[in-house]
file input.json (JSON, C-alpha atoms)
[["chain", "number", "residue", "atom", "x", "y", "z"],
["A", 1, "MET", "CA", -52.55, -113.79, -54.15],
["A", 2, "SER", "CA", -55.36, -116.19, -53.24],
["A", 3, "ALA", "CA", -55.11, -115.19, -49.58],
["A", 4, "VAL", "CA", -55.32, -111.52, -50.51],
["A", 5, "LYS", "CA", -58.35, -112.16, -52.73],
["A", 6, "THR", "CA", -60.05, -114.16, -50.00],
["A", 7, "LYS", "CA", -59.42, -111.35, -47.47],
["A", 8, "SER", "CA", -60.80, -108.69, -49.83],
["A", 9, "ILE", "CA", -63.91, -110.78, -50.55],
["A", 10, "THR", "CA", -64.47, -111.22, -46.82],
["A", 11, "LEU", "CA", -64.18, -107.46, -46.23],
["A", 12, "GLU", "CA", -66.62, -106.76, -49.05],
["A", 13, "LYS", "CA", -69.15, -109.18, -47.55],
["A", 14, "THR", "CA", -68.75, -107.61, -44.12],
["A", 15, "ASN", "CA", -69.31, -104.11, -45.51],
["A", 16, "THR", "CA", -72.36, -105.32, -47.46],
["A", 17, "ARG", "CA", -73.84, -106.84, -44.31],
["A", 18, "ARG", "CA", -73.28, -103.61, -42.42],
["A", 19, "LYS", "CA", -74.96, -101.60, -45.15],
["A", 20, "HIS", "CA", -78.01, -103.88, -45.20],
["A", 21, "LYS", "CA", -78.21, -104.15, -41.43],
["A", 22, "LYS", "CA", -81.66, -103.19, -40.26],
["A", 23, "ILE", "CA", -82.08, -100.27, -37.90],
["A", 24, "SER", "CA", -83.76, -101.26, -34.66],
["A", 25, "GLY", "CA", -86.97, -99.63, -33.50],
["A", 26, "PRO", "CA", -85.44, -97.53, -30.69],
["A", 27, "ASP", "CA", -82.65, -96.30, -32.99],
["A", 28, "LEU", "CA", -85.14, -95.32, -35.67],
["A", 29, "ALA", "CA", -87.33, -93.51, -33.14],
["A", 30, "PHE", "CA", -84.29, -91.68, -31.79],
["A", 31, "ARG", "CA", -83.21, -90.58, -35.27],
["A", 32, "ILE", "CA", -86.70, -89.30, -36.09],
["A", 33, "CYS", "CA", -87.04, -87.42, -32.80],
["A", 34, "ASN", "CA", -83.53, -86.04, -33.13],
["A", 35, "GLY", "CA", -84.23, -84.84, -36.67],
["A", 36, "ILE", "CA", -87.47, -83.16, -35.61],
["A", 37, "PHE", "CA", -85.77, -81.52, -32.64],
["A", 38, "MET", "CA", -82.88, -80.19, -34.76],
["A", 39, "LEU", "CA", -85.32, -78.88, -37.37],
["A", 40, "LEU", "CA", -87.33, -77.02, -34.70],
["A", 41, "PHE", "CA", -84.09, -75.69, -33.20],
["A", 42, "VAL", "CA", -82.97, -74.33, -36.59],
["A", 43, "ILE", "CA", -86.38, -72.68, -37.14],
["A", 44, "ILE", "CA", -86.37, -71.11, -33.66],
["A", 45, "THR", "CA", -82.83, -69.84, -34.22],
["A", 46, "LEU", "CA", -83.24, -68.45, -37.74],
["A", 47, "TYR", "CA", -86.75, -67.03, -37.54],
["A", 48, "PRO", "CA", -85.91, -63.96, -35.38],
["A", 49, "VAL", "CA", -83.01, -63.06, -37.68],
["A", 50, "LEU", "CA", -85.05, -63.45, -40.87],
["A", 51, "ASN", "CA", -88.00, -61.61, -39.33],
["A", 52, "THR", "CA", -85.74, -58.71, -38.33],
["A", 53, "LEU", "CA", -84.29, -58.64, -41.86],
["A", 54, "ALA", "CA", -87.80, -58.54, -43.36],
["A", 55, "ILE", "CA", -88.85, -55.65, -41.08],
["A", 56, "SER", "CA", -85.67, -53.73, -41.90],
["A", 57, "LEU", "CA", -86.49, -53.97, -45.62],
["A", 58, "ASN", "CA", -90.13, -52.99, -45.16],
["A", 59, "ASP", "CA", -91.72, -49.56, -45.08],
["A", 60, "GLY", "CA", -91.86, -48.36, -41.46],
["A", 61, "THR", "CA", -95.51, -47.25, -41.46],
["A", 62, "ASP", "CA", -96.62, -50.46, -43.11],
["A", 63, "ALA", "CA", -94.60, -52.50, -40.60],
["A", 64, "LEU", "CA", -96.69, -51.05, -37.76],
["A", 65, "ARG", "CA", -99.67, -53.02, -39.09],
["A", 66, "GLY", "CA", -97.87, -56.24, -38.19],
["A", 67, "GLY", "CA", -98.15, -59.49, -40.07],
["A", 68, "ILE", "CA", -94.60, -59.39, -41.46],
["A", 69, "HIS", "CA", -92.83, -62.71, -41.01],
["A", 70, "LEU", "CA", -90.13, -63.70, -43.51],
["A", 71, "VAL", "CA", -90.81, -61.51, -46.56],
["A", 72, "PRO", "CA", -91.17, -57.68, -46.59],
["A", 73, "ARG", "CA", -94.61, -56.48, -47.68],
["A", 74, "VAL", "CA", -93.61, -53.01, -48.96],
["A", 75, "PHE", "CA", -89.94, -53.18, -49.93],
["A", 76, "THR", "CA", -87.73, -50.15, -49.26],
["A", 77, "TRP", "CA", -84.13, -49.22, -48.51],
["A", 78, "LYS", "CA", -85.18, -46.14, -46.54],
["A", 79, "ASN", "CA", -84.43, -47.72, -43.15],
["A", 80, "TYR", "CA", -80.84, -48.47, -44.10],
["A", 81, "GLN", "CA", -80.45, -45.02, -45.70],
["A", 82, "THR", "CA", -81.59, -43.41, -42.45],
["A", 83, "VAL", "CA", -79.07, -45.41, -40.43],
["A", 84, "LEU", "CA", -76.16, -44.94, -42.85],
["A", 85, "GLU", "CA", -76.80, -41.18, -43.18],
["A", 86, "LYS", "CA", -76.29, -40.72, -39.45],
["A", 87, "ASP", "CA", -73.58, -38.22, -38.55],
["A", 88, "ASN", "CA", -70.24, -39.70, -37.49],
["A", 89, "LEU", "CA", -71.36, -43.19, -38.53],
["A", 90, "ILE", "CA", -68.44, -43.72, -40.94],
["A", 91, "ALA", "CA", -65.93, -42.41, -38.40],
["A", 92, "GLY", "CA", -67.49, -44.64, -35.77],
["A", 93, "ALA", "CA", -67.30, -47.65, -38.07],
["A", 94, "ILE", "CA", -63.58, -47.03, -38.72],
["A", 95, "VAL", "CA", -62.87, -46.75, -34.98],
["A", 96, "THR", "CA", -64.91, -49.91, -34.29],
["A", 97, "VAL", "CA", -63.04, -51.92, -36.92],
["A", 98, "ALA", "CA", -59.72, -50.63, -35.60],
["A", 99, "ARG", "CA", -60.52, -51.45, -31.99],
["A", 100, "THR", "CA", -61.82, -54.88, -32.97],
["A", 101, "VAL", "CA", -58.71, -55.83, -34.95],
["A", 102, "ILE", "CA", -56.12, -54.27, -32.63],
["A", 103, "GLY", "CA", -57.93, -55.27, -29.45],
["A", 104, "THR", "CA", -58.34, -58.88, -30.57],
["A", 105, "LEU", "CA", -54.68, -59.23, -31.57],
["A", 106, "LEU", "CA", -53.37, -57.66, -28.36],
["A", 107, "ALA", "CA", -55.71, -59.69, -26.17],
["A", 108, "LEU", "CA", -54.79, -62.91, -27.94],
["A", 109, "VAL", "CA", -51.04, -62.28, -27.62],
["A", 110, "THR", "CA", -51.10, -61.25, -23.96],
["A", 111, "ASN", "CA", -53.48, -64.00, -22.84],
["A", 112, "ALA", "CA", -51.53, -66.65, -24.75],
["A", 113, "ILE", "CA", -48.17, -65.60, -23.28],
["A", 114, "LEU", "CA", -49.55, -65.46, -19.75],
["A", 115, "ALA", "CA", -51.37, -68.78, -20.16],
["A", 116, "PHE", "CA", -48.16, -70.40, -21.40],
["A", 117, "ILE", "CA", -46.26, -69.19, -18.32],
["A", 118, "VAL", "CA", -48.92, -70.36, -15.88],
["A", 119, "SER", "CA", -49.36, -73.71, -17.64],
["A", 120, "ARG", "CA", -45.72, -74.71, -17.02],
["A", 121, "LYS", "CA", -45.55, -77.34, -14.29],
["A", 122, "ASN", "CA", -42.30, -75.94, -12.87],
["A", 123, "PHE", "CA", -43.79, -72.47, -12.32],
["A", 124, "MET", "CA", -44.20, -72.31, -8.54],
["A", 125, "PHE", "CA", -46.79, -69.50, -8.46],
["A", 126, "ALA", "CA", -49.20, -71.14, -10.92],
["A", 127, "LYS", "CA", -51.89, -72.12, -8.40],
["A", 128, "PRO", "CA", -51.90, -68.89, -6.33],
["A", 129, "LEU", "CA", -52.05, -66.74, -9.45],
["A", 130, "SER", "CA", -54.80, -68.87, -10.99],
["A", 131, "LEU", "CA", -56.85, -68.52, -7.78],
["A", 132, "PHE", "CA", -56.25, -64.77, -7.79],
["A", 133, "TRP", "CA", -57.49, -64.44, -11.39],
["A", 134, "VAL", "CA", -60.56, -66.56, -10.66],
["A", 135, "ILE", "CA", -61.46, -64.17, -7.81],
["A", 136, "THR", "CA", -61.23, -61.20, -10.18],
["A", 137, "MET", "CA", -63.87, -62.83, -12.37],
["A", 138, "TYR", "CA", -66.45, -62.38, -9.59],
["A", 139, "VAL", "CA", -65.20, -59.31, -7.70],
["A", 140, "ASN", "CA", -64.36, -55.89, -9.14],
["A", 141, "GLY", "CA", -63.91, -52.37, -7.87],
["A", 142, "GLY", "CA", -67.07, -50.94, -9.40],
["A", 143, "LEU", "CA", -67.76, -48.34, -12.06],
["A", 144, "ILE", "CA", -66.58, -45.18, -10.29],
["A", 145, "PRO", "CA", -63.23, -46.61, -9.03],
["A", 146, "THR", "CA", -62.62, -48.02, -12.50],
["A", 147, "PHE", "CA", -63.30, -44.63, -14.10],
["A", 148, "LEU", "CA", -60.99, -42.87, -11.64],
["A", 149, "LEU", "CA", -58.28, -45.46, -12.27],
["A", 150, "PHE", "CA", -58.50, -45.06, -16.05],
["A", 151, "LYS", "CA", -58.44, -41.27, -15.66],
["A", 152, "SER", "CA", -55.34, -41.38, -13.45],
["A", 153, "LEU", "CA", -53.64, -43.64, -16.02],
["A", 154, "GLY", "CA", -54.44, -41.22, -18.84],
["A", 155, "LEU", "CA", -56.67, -43.65, -20.68],
["A", 156, "THR", "CA", -59.75, -41.42, -20.89],
["A", 157, "ASN", "CA", -60.30, -39.40, -24.08],
["A", 158, "SER", "CA", -57.96, -41.74, -25.96],
["A", 159, "PHE", "CA", -58.14, -44.76, -28.22],
["A", 160, "ALA", "CA", -56.12, -46.79, -25.70],
["A", 161, "VAL", "CA", -59.13, -47.13, -23.39],
["A", 162, "TYR", "CA", -60.70, -49.43, -25.99],
["A", 163, "VAL", "CA", -57.84, -51.93, -26.15],
["A", 164, "VAL", "CA", -55.67, -51.71, -23.02],
["A", 165, "PRO", "CA", -58.26, -52.80, -20.40],
["A", 166, "GLY", "CA", -59.23, -55.80, -22.52],
["A", 167, "MET", "CA", -55.69, -57.06, -23.06],
["A", 168, "LEU", "CA", -56.04, -59.47, -20.15],
["A", 169, "SER", "CA", -59.13, -61.52, -19.36],
["A", 170, "ALA", "CA", -59.07, -64.06, -16.54],
["A", 171, "PHE", "CA", -61.61, -66.29, -18.29],
["A", 172, "ASN", "CA", -59.83, -66.30, -21.65],
["A", 173, "MET", "CA", -56.45, -66.84, -20.01],
["A", 174, "LEU", "CA", -57.74, -69.82, -18.00],
["A", 175, "VAL", "CA", -59.31, -71.35, -21.09],
["A", 176, "ILE", "CA", -56.02, -71.14, -23.01],
["A", 177, "ARG", "CA", -54.05, -72.36, -20.00],
["A", 178, "THR", "CA", -56.24, -75.44, -19.60],
["A", 179, "TYR", "CA", -55.89, -76.23, -23.30],
["A", 180, "MET", "CA", -52.10, -75.91, -23.12],
["A", 181, "ARG", "CA", -51.98, -78.26, -20.16],
["A", 182, "GLY", "CA", -53.59, -80.92, -22.34],
["A", 183, "ILE", "CA", -50.62, -80.89, -24.73],
["A", 184, "PRO", "CA", -48.22, -83.81, -23.98],
["A", 185, "ASP", "CA", -45.14, -82.85, -21.98],
["A", 186, "SER", "CA", -43.02, -85.09, -24.20],
["A", 187, "LEU", "CA", -43.17, -82.50, -26.99],
["A", 188, "GLU", "CA", -41.66, -79.83, -24.79],
["A", 189, "GLU", "CA", -39.09, -82.21, -23.28],
["A", 190, "SER", "CA", -37.89, -83.39, -26.69],
["A", 191, "ALA", "CA", -37.55, -79.78, -27.84],
["A", 192, "GLN", "CA", -35.53, -78.91, -24.73],
["A", 193, "LEU", "CA", -33.21, -81.83, -25.42],
["A", 194, "ASP", "CA", -32.56, -80.32, -28.84],
["A", 195, "GLY", "CA", -31.64, -77.02, -27.20],
["A", 196, "ALA", "CA", -34.90, -75.11, -27.70],
["A", 197, "GLY", "CA", -35.74, -72.36, -25.23],
["A", 198, "TYR", "CA", -39.17, -71.36, -23.94],
["A", 199, "THR", "CA", -39.62, -68.78, -26.68],
["A", 200, "THR", "CA", -39.00, -71.37, -29.40],
["A", 201, "ILE", "CA", -41.24, -73.89, -27.65],
["A", 202, "PHE", "CA", -44.06, -71.36, -27.40],
["A", 203, "LEU", "CA", -43.81, -70.13, -30.98],
["A", 204, "LYS", "CA", -42.90, -73.32, -32.82],
["A", 205, "ILE", "CA", -44.61, -76.08, -30.80],
["A", 206, "ILE", "CA", -47.33, -74.83, -28.44],
["A", 207, "SER", "CA", -48.91, -72.08, -30.54],
["A", 208, "PRO", "CA", -49.45, -74.16, -33.71],
["A", 209, "LEU", "CA", -51.23, -76.77, -31.60],
["A", 210, "CYS", "CA", -53.40, -74.12, -29.93],
["A", 211, "LYS", "CA", -55.11, -72.83, -33.08],
["A", 212, "PRO", "CA", -58.58, -74.08, -32.00],
["A", 213, "VAL", "CA", -58.49, -72.34, -28.63],
["A", 214, "TYR", "CA", -56.88, -69.24, -30.15],
["A", 215, "ALA", "CA", -59.73, -69.01, -32.65],
["A", 216, "THR", "CA", -62.28, -69.45, -29.86],
["A", 217, "VAL", "CA", -60.78, -66.72, -27.71],
["A", 218, "ALA", "CA", -60.36, -64.43, -30.73],
["A", 219, "LEU", "CA", -64.06, -64.82, -31.50],
["A", 220, "PHE", "CA", -65.00, -64.01, -27.92],
["A", 221, "VAL", "CA", -62.85, -60.88, -27.87],
["A", 222, "ALA", "CA", -63.86, -59.72, -31.36],
["A", 223, "VAL", "CA", -67.59, -59.99, -30.62],
["A", 224, "GLY", "CA", -67.12, -58.11, -27.36],
["A", 225, "GLN", "CA", -65.10, -55.35, -29.02],
["A", 226, "TRP", "CA", -67.52, -55.03, -31.93],
["A", 227, "ASN", "CA", -70.64, -54.79, -29.75],
["A", 228, "SER", "CA", -69.16, -52.50, -27.08],
["A", 229, "TRP", "CA", -70.57, -48.98, -26.81],
["A", 230, "PHE", "CA", -70.68, -48.19, -23.09],
["A", 231, "ASP", "CA", -66.96, -47.44, -22.85],
["A", 232, "ALA", "CA", -67.27, -44.94, -25.71],
["A", 233, "MET", "CA", -70.09, -43.16, -23.89],
["A", 234, "LEU", "CA", -68.31, -43.24, -20.54],
["A", 235, "TYR", "CA", -64.72, -42.40, -21.46],
["A", 236, "ASN", "CA", -64.78, -40.73, -24.90],
["A", 237, "ARG", "CA", -68.14, -39.03, -25.24],
["A", 238, "MET", "CA", -66.41, -35.64, -25.65],
["A", 239, "ARG", "CA", -64.29, -36.93, -28.55],
["A", 240, "SER", "CA", -66.40, -37.25, -31.69],
["A", 241, "ASP", "CA", -63.39, -38.62, -33.58],
["A", 242, "LEU", "CA", -63.22, -41.57, -31.15],
["A", 243, "THR", "CA", -66.88, -42.51, -31.28],
["A", 244, "THR", "CA", -67.83, -46.08, -32.19],
["A", 245, "LEU", "CA", -70.41, -47.58, -34.52],
["A", 246, "GLN", "CA", -72.43, -49.13, -31.71],
["A", 247, "TYR", "CA", -72.52, -45.86, -29.76],
["A", 248, "GLU", "CA", -73.78, -43.94, -32.78],
["A", 249, "LEU", "CA", -76.45, -46.57, -33.44],
["A", 250, "MET", "CA", -77.48, -46.44, -29.80],
["A", 251, "LYS", "CA", -77.90, -42.68, -29.99],
["A", 252, "LEU", "CA", -79.91, -43.05, -33.20],
["A", 253, "LEU", "CA", -82.23, -45.61, -31.63],
["A", 254, "SER", "CA", -82.68, -43.42, -28.57],
["A", 255, "SER", "CA", -83.57, -40.41, -30.69],
["A", 256, "VAL", "CA", -86.16, -42.19, -32.85],
["A", 257, "THR", "CA", -87.65, -43.92, -29.83],
["A", 258, "ASN", "CA", -87.93, -41.01, -27.41],
["A", 259, "GLN", "CA", -88.71, -38.15, -29.78],
["A", 260, "SER", "CA", -91.92, -38.39, -31.75],
["A", 261, "ALA", "CA", -90.84, -35.40, -33.84],
["A", 262, "SER", "CA", -87.89, -37.35, -35.15],
["A", 263, "ALA", "CA", -90.14, -39.95, -36.72],
["A", 264, "GLU", "CA", -92.25, -37.22, -38.33],
["A", 265, "SER", "CA", -89.18, -35.51, -39.77],
["A", 266, "MET", "CA", -88.08, -38.75, -41.46],
["A", 267, "LYS", "CA", -91.07, -38.82, -43.84],
["A", 268, "ASN", "CA", -90.47, -38.45, -47.53],
["A", 269, "SER", "CA", -92.03, -39.46, -50.82],
["A", 270, "THR", "CA", -90.76, -43.03, -50.67],
["A", 271, "GLY", "CA", -92.26, -43.84, -47.27],
["A", 272, "THR", "CA", -91.69, -43.45, -43.56],
["A", 273, "VAL", "CA", -89.27, -44.95, -41.12],
["A", 274, "THR", "CA", -90.30, -45.75, -37.58],
["A", 275, "PRO", "CA", -88.37, -46.68, -34.43],
["A", 276, "THR", "CA", -89.18, -50.35, -35.08],
["A", 277, "SER", "CA", -87.90, -50.33, -38.66],
["A", 278, "VAL", "CA", -84.78, -48.31, -37.81],
["A", 279, "ARG", "CA", -84.05, -50.64, -34.89],
["A", 280, "ALA", "CA", -84.31, -53.63, -37.22],
["A", 281, "ALA", "CA", -81.95, -52.07, -39.77],
["A", 282, "ALA", "CA", -79.44, -51.14, -37.07],
["A", 283, "THR", "CA", -79.59, -54.69, -35.70],
["A", 284, "ILE", "CA", -78.82, -56.20, -39.11],
["A", 285, "ILE", "CA", -75.92, -53.79, -39.68],
["A", 286, "THR", "CA", -74.54, -54.66, -36.26],
["A", 287, "MET", "CA", -74.66, -58.42, -36.63],
["A", 288, "LEU", "CA", -73.64, -58.69, -40.29],
["A", 289, "PRO", "CA", -69.82, -58.60, -39.80],
["A", 290, "ILE", "CA", -69.95, -61.21, -37.02],
["A", 291, "ILE", "CA", -72.12, -63.48, -39.16],
["A", 292, "CYS", "CA", -69.56, -63.20, -41.96],
["A", 293, "ILE", "CA", -66.61, -63.99, -39.66],
["A", 294, "TYR", "CA", -68.14, -66.81, -37.63],
["A", 295, "PRO", "CA", -68.24, -69.51, -40.38],
["A", 296, "PHE", "CA", -64.45, -69.29, -40.78],
["A", 297, "LEU", "CA", -63.87, -69.83, -37.03],
["A", 298, "GLN", "CA", -66.71, -72.27, -36.34],
["A", 299, "ARG", "CA", -64.66, -75.39, -37.07],
["A", 300, "TYR", "CA", -62.23, -74.41, -34.29],
["A", 301, "PHE", "CA", -64.87, -73.11, -31.92],
["A", 302, "VAL", "CA", -66.28, -76.37, -30.50],
["A", 303, "THR", "CA", -62.88, -78.03, -30.13],
["A", 304, "GLY", "CA", -61.25, -75.03, -28.51],
["A", 305, "LEU", "CA", -64.08, -74.38, -26.08],
["A", 306, "THR", "CA", -64.53, -78.05, -25.14],
["A", 307, "LEU", "CA", -60.89, -78.89, -24.55],
["A", 308, "GLY", "CA", -60.06, -75.55, -22.96],
["A", 309, "GLY", "CA", -63.17, -75.04, -20.88],
["A", 310, "VAL", "CA", -62.53, -77.61, -18.15],
["A", 311, "LYS", "CA", -61.08, -75.92, -15.08],
["A", 312, "GLU", "CA", -58.63, -77.96, -13.09]]

call {"tool": "encode", "arguments": {"input": "input.json", "output": "structure tokens"}}
result
Amino acid sequence: MSAVKTKSITLEKTNTRRKHKKISGPDLAFRICNGIFMLLFVIITLYPVLNTLAISLNDGTDALRGGIHLVPRVFTWKNYQTVLEKDNLIAGAIVTVARTVIGTLLALVTNAILAFIVSRKNFMFAKPLSLFWVITMYVNGGLIPTFLLFKSLGLTNSFAVYVVPGMLSAFNMLVIRTYMRGIPDSLEESAQLDGAGYTTIFLKIISPLCKPVYATVALFVAVGQWNSWFDAMLYNRMRSDLTTLQYELMKLLSSVTNQSASAESMKNSTGTVTPTSVRAAATIITMLPIICIYPFLQRYFVTGLTLGGVKE
């Protein structure tokens, strides 16, 4: 008992000395500079978002005077009412949510399965296929050949054009593959000794360990699907039931920017909306879902991107 007491007293003294240890001059200067830098970085990052939010909640005519920073000067919901009253906006929002959810799930499943196959050391075509996919990241057929290909495959004027082309991404696949290669081979070998096949290994061993990189890739795909509007204009512009939220917002911004009569027709007793105020409201509506999702995936994001981003 005396030896245990002596050891505990020694540990307490050591911890006390560490707590009261003075910080050296260079360390203190570094901490101060680092704190100032991080504070400035937070301000630079948040100010544009808060400024856009303030403009979106301010009367459009009053916003043209300038001087709005973080707080709206003449509060109004008219900008959001103008955006939300746009024709086909609800239908576009439903299609956008559907393509984001379905497209993210399909892309995650296909990229994970392909990355698992390529990451196996006994797969003889791993290096040639990896090189081939890297080349596709820098070289493509162009817009017109891609359109003709999608048309010949029957993807135009259909919901499939939103999710099928994005099922495989060379970058996402290589990120997942590199992460999987960092998992010890002993886990797979021990499972094989117990009679597990590749399907069991992938589902029960590899996938649970790949949650960080899965979350990272899912965030990449979801943001891309949510913000995409060009494919709706190019492949489904004749199908109003397959329009997307971003495409409808783009058309709204184009109309209020290019037609002066549109701005005049938006006047009412509560105030006026302008292209600047409508653009701010549309921007907030666009980024709001991603801002809500990101905090839940942020803890996986850095780990997944760091460990999976090194190309071998």

call {"tool": "atom_distance", "arguments": {"input": "input.json", "atom1": "CA of Leu89 (chain A)", "atom2": "CA of Leu249 (chain A)"}}
result
8.0 Å

call {"tool": "residues_around", "arguments": {"input": "input.json", "residues": "Val217 (chain A)", "least_positions_apart": "4", "cutoff": "7 Å", "atoms": "only C-alpha atoms", "output": "NGL selection string"}}
result
:A and (172 or 213 or 221)

call {"tool": "closest_residue", "arguments": {"input": "input.json", "among": "A:Val71, A:Ala280, A:Leu50, A:Leu234", "to": "Leu143 (chain A)", "atoms": "only C-alpha atoms"}}
result
A:Leu234

call {"tool": "atom_distance", "arguments": {"input": "input.json", "atom1": "CA of Thr82 (chain A)", "atom2": "CA of Ala281 (chain A)"}}
result
9.1 Å

call {"tool": "atom_distance", "arguments": {"input": "input.json", "atom1": "CA of Leu288 (chain A)", "atom2": "CA of Trp226 (chain A)"}}
result
11.0 Å

call {"tool": "residues_around", "arguments": {"input": "input.json", "residues": "Ala63 (chain A)", "least_positions_apart": "4", "cutoff": "10 Å", "atoms": "only C-alpha atoms", "output": "JSON, numbers by chain"}}
result
{"A": [54, 55, 56, 57, 58, 59, 67, 68, 72, 73, 74, 272, 273, 274, 276, 277]}

call {"tool": "closest_residue", "arguments": {"input": "input.json", "among": "A:Ile293, A:Leu245, A:Ala282, A:Ile176", "to": "Asn88 (chain A)", "atoms": "only C-alpha atoms"}}
result
A:Leu245

call {"tool": "closest_residue", "arguments": {"input": "input.json", "among": "A:Cys292, A:Leu168, A:Ala107, A:Leu70", "to": "Thr52 (chain A)", "atoms": "only C-alpha atoms"}}
result
A:Leu70

call {"tool": "residues_around", "arguments": {"input": "input.json", "residues": "Val161 (chain A)", "least_positions_apart": "5", "cutoff": "9 Å", "atoms": "only C-alpha atoms", "output": "PyMOL selection string"}}
result
chain A and resi 150+154-156+166+231-232+235-236

call {"tool": "residues_around", "arguments": {"input": "input.json", "residues": "region 184-196 of chain A", "least_positions_apart": "6", "cutoff": "12 Å", "atoms": "all atoms listed in the file", "output": "ChimeraX atom specification"}}
result
/A:116,119-122,202-206,209

call {"tool": "closest_residue", "arguments": {"input": "input.json", "among": "A:Thr243, A:Thr200, A:Ser130, A:Asn79", "to": "Ile94 (chain A)", "atoms": "all atoms listed in the file"}}
result
A:Thr243
